[in-house]
Amino acid sequence: MKILDSCLFFAVRRCLNQRKMLSLVLVSLGLLLLIGLLFKFAFADGDFTLISKKHVKREAIEGKVVWITGASRGIGEILAKQFANLDAKLILSARNKAELERVKSELKGKYAPEDVKVLPLDLASGEESLKHVVEQAVSLFPGAGVDYLVHNAAYERPKSKASDATEETLKTTFDVNVFGTITLTKLVAPHMLNQGGGHFVVISSAAGKVPSPGQAIYSASKHALHGYFHSLRSEFFQKGIKVTVVCPGPIETSNGTGTSTSEDKKSPEKRVSSERCAELTIIAASHNLKEAWISHQPVLLVMYLVQYMPSLGFWLMDKVGGKRVEVAEKKGNTYSWNLLFGEKTKTN
């Protein structure tokens with residue numbers, strides 16, 4: 001009996017030891033996974049869903065008609081080049097026809113540059129003018145219509161305090177970023193519905209997701225777009241309408257223009273290149289992501305905090321808001337960790 005009890009004791013002890021070892025292994029693996037995710041996040045240039053896609057679904061782009069607004073420079077120009085390389089049929093729009101012709105001449109692809117269409121467009125020109133442009137656009141490739149409308153055109157003024165915004169700034173910003181963009185969308189949508197569907201790709205901004213001290217009017221215009229386009233998708237998704245809202249943080253472009261770009265190429269801010277921003281935008285659209293965030297830290301972290309821990313995220317922005325406006329006036333780094341920790345921020 002004593003021998004049996006002894007054997008049972010050692011068996012139970014061995015079982016407990018094995019469980020402890022298993023628990024230790026699982027905890028260790030969990031910690032390694034967490035460390036890996038944190039490391040990946042620290043050096044990420046997009047949200048986890050976006051960067052997990054890695055590559056463009058070429059079959060979603062090849063042979064499709066892609067209409068890009070604001071295509072004469074900055075991110076719009078880079079988007080045109082990358083879409084052309086993916087063998088999309090392109091319609092390029094902006095106010096400057098000469099610059100659009102320049103961009104067209106530099107494109108390479110199955111349909112570029114010969115079959116690329118140039119269609120001048122002023123988003124602030126009013127509904128009647130935009131209606132005429134849409135009628136031209138949907139007929140440029142007979143029988144094809146428009147598969148993708150990439151809303152890249154935007155208006156952004158230099159940073160200033162919310163209380164200093166003028167009526168002129170408010171009107172000009174909303175005429176282009178909101179009223180013109182929405183009007184163009186509601187004119188194109190019926191054509192997409194008639195052809196069985198279509199895809200709106202909206203180049204918004206991180207300022208459309210989180211407070212943006214010094215850019216209140218621009219931020220307001222981008223928040224308005226989020227409300228409209230997410231609602232549009234919900235209303236017409238079952239009828240084939242897709243929407244991808246892209247939210248870039250600070251982006252560096254080759255000519256100092258585009259979404260959230262630097263006025264000074266020597267800016268100390270860490271910025272995603274326009275080429276990478278365009279690549280991630282097309283990846284997001286080709287995988288039909290509903291929303292995508294593109295940025296380095298700390299902007300990406302702030303976006304996650306505001307989205308998933310709003311009290312902490314808004315507290316953080318309240319802490320740095322006043323400092324950010326002051327730094328912007330001195331053309332300093334408005335995306336620095338130093339704004340949070342109170343260290344002296346260098347200016348240009």
# chains A, B, ... in the order shown; residues from 1 in each chain; ligands from 1
call {"tool": "select_by_dssp", "arguments": {"residues": "region 85-295 of chain A", "states": "strand (DSSP E)", "output": "PyMOL selection string"}}
result
chain A and resi 89-93+117-118+148-151+198-203+241-248+251-252+272-273+291-294
call {"tool": "select_by_dssp", "arguments": {"residues": "region 74-299 of chain A", "states": "helix (DSSP H, G or I)", "output": "JSON, numbers by chain"}}
result
{"A": [74, 75, 76, 77, 78, 79, 80, 81, 82, 83, 84, 85, 97, 98, 99, 100, 101, 102, 103, 104, 105, 127, 128, 129, 130, 131, 132, 133, 134, 135, 136, 137, 162, 163, 164, 167, 168, 169, 170, 171, 172, 173, 174, 175, 176, 177, 178, 179, 180, 181, 182, 183, 184, 185, 186, 187, 188, 189, 190, 191, 192, 193, 194, 206, 207, 208, 216, 217, 218, 219, 220, 221, 222, 223, 224, 225, 226, 227, 228, 229, 230, 231, 232, 233, 234, 235, 236, 237, 238, 239, 274, 275, 276, 277, 278, 279, 280, 281, 282, 283, 284, 285, 286, 299]}
call {"tool": "residues_around", "arguments": {"residues": "region 226-242 of chain A", "least_positions_apart": "3", "cutoff": "7 Å", "atoms": "only C-alpha atoms", "output": "PyMOL selection string"}}
result
chain A and resi 193+196-200+222-223
call {"tool": "atom_distance", "arguments": {"atom1": "CA of Asp318 (chain A)", "atom2": "CA of Gly214 (chain A)"}}
result
12.4 Å
call {"tool": "atom_distance", "arguments": {"atom1": "CA of Ala60 (chain A)", "atom2": "CA of Ala84 (chain A)"}}
result
13.4 Å
call {"tool": "residues_around", "arguments": {"residues": "Glu62 (chain A)", "least_positions_apart": "5", "cutoff": "9 Å", "atoms": "only C-alpha atoms", "output": "PyMOL selection string"}}
result
chain A and resi 83+86-89
call {"tool": "residues_around", "arguments": {"residues": "region 66-73 of chain A", "least_positions_apart": "6", "cutoff": "10 Å", "atoms": "only C-alpha atoms", "output": "PyMOL selection string"}}
result
chain A and resi 79-81+83-84+88-104+117-123+137-138+145-154+181+199-201+253-258
call {"tool": "write_last_selection", "arguments": {"atoms": "C-alpha atoms", "output": "mmCIF file, in the first residue's frame"}}
result
data_model
loop_
_atom_site.group_PDB
_atom_site.id
_atom_site.type_symbol
_atom_site.label_atom_id
_atom_site.label_comp_id
_atom_site.auth_asym_id
_atom_site.auth_seq_id
_atom_site.Cartn_x
_atom_site.Cartn_y
_atom_site.Cartn_z
ATOM 1 C CA LEU A 79 -0.243 57.007 -57.874
ATOM 2 C CA ALA A 80 -0.588 57.534 -61.629
ATOM 3 C CA LYS A 81 2.848 56.017 -62.241
ATOM 4 C CA PHE A 83 -1.289 52.353 -61.484
ATOM 5 C CA ALA A 84 0.171 52.624 -65.014
ATOM 6 C CA ALA A 88 -4.604 50.170 -65.426
ATOM 7 C CA LYS A 89 -6.404 52.429 -67.884
ATOM 8 C CA LEU A 90 -5.914 55.928 -66.532
ATOM 9 C CA ILE A 91 -7.843 59.179 -66.496
ATOM 10 C CA LEU A 92 -5.783 62.008 -64.989
ATOM 11 C CA SER A 93 -7.453 65.111 -63.595
ATOM 12 C CA ALA A 94 -6.311 68.357 -61.984
ATOM 13 C CA ARG A 95 -6.610 72.043 -62.785
ATOM 14 C CA ASN A 96 -3.242 72.311 -64.559
ATOM 15 C CA LYS A 97 -3.541 70.646 -67.978
ATOM 16 C CA ALA A 98 0.110 71.240 -68.873
ATOM 17 C CA GLU A 99 1.277 69.411 -65.753
ATOM 18 C CA LEU A 100 -1.140 66.569 -66.461
ATOM 19 C CA GLU A 101 0.362 66.232 -69.945
ATOM 20 C CA ARG A 102 3.831 66.124 -68.369
ATOM 21 C CA VAL A 103 2.769 63.352 -66.001
ATOM 22 C CA LYS A 104 1.165 61.443 -68.876
ATOM 23 C CA LYS A 117 -6.647 60.344 -70.872
ATOM 24 C CA VAL A 118 -6.136 63.885 -69.591
ATOM 25 C CA LEU A 119 -9.285 65.514 -68.211
ATOM 26 C CA PRO A 120 -8.879 68.958 -66.571
ATOM 27 C CA LEU A 121 -10.967 69.352 -63.429
ATOM 28 C CA ASP A 122 -11.636 72.033 -60.812
ATOM 29 C CA LEU A 123 -13.469 70.586 -57.820
ATOM 30 C CA ALA A 137 -14.971 60.679 -67.980
ATOM 31 C CA VAL A 138 -17.425 57.769 -68.208
ATOM 32 C CA GLY A 145 -17.051 53.421 -67.509
ATOM 33 C CA VAL A 146 -15.025 54.145 -64.361
ATOM 34 C CA ASP A 147 -13.982 51.317 -62.040
ATOM 35 C CA TYR A 148 -11.956 53.323 -59.511
ATOM 36 C CA LEU A 149 -12.286 56.991 -58.611
ATOM 37 C CA VAL A 150 -9.275 58.022 -56.533
ATOM 38 C CA HIS A 151 -10.084 61.200 -54.605
ATOM 39 C CA ASN A 152 -6.600 62.625 -54.118
ATOM 40 C CA ALA A 153 -7.145 66.334 -54.769
ATOM 41 C CA ALA A 154 -7.185 68.409 -51.568
ATOM 42 C CA THR A 181 -15.400 65.772 -53.563
ATOM 43 C CA HIS A 199 -14.650 51.603 -56.015
ATOM 44 C CA PHE A 200 -14.052 54.995 -54.388
ATOM 45 C CA VAL A 201 -10.563 55.424 -52.947
ATOM 46 C CA THR A 253 6.889 64.146 -51.688
ATOM 47 C CA SER A 254 9.386 64.969 -54.382
ATOM 48 C CA ASN A 255 8.029 68.452 -54.991
ATOM 49 C CA GLY A 256 6.694 69.494 -51.588
ATOM 50 C CA THR A 257 3.027 68.933 -52.405
ATOM 51 C CA GLY A 258 0.402 66.349 -51.611
#
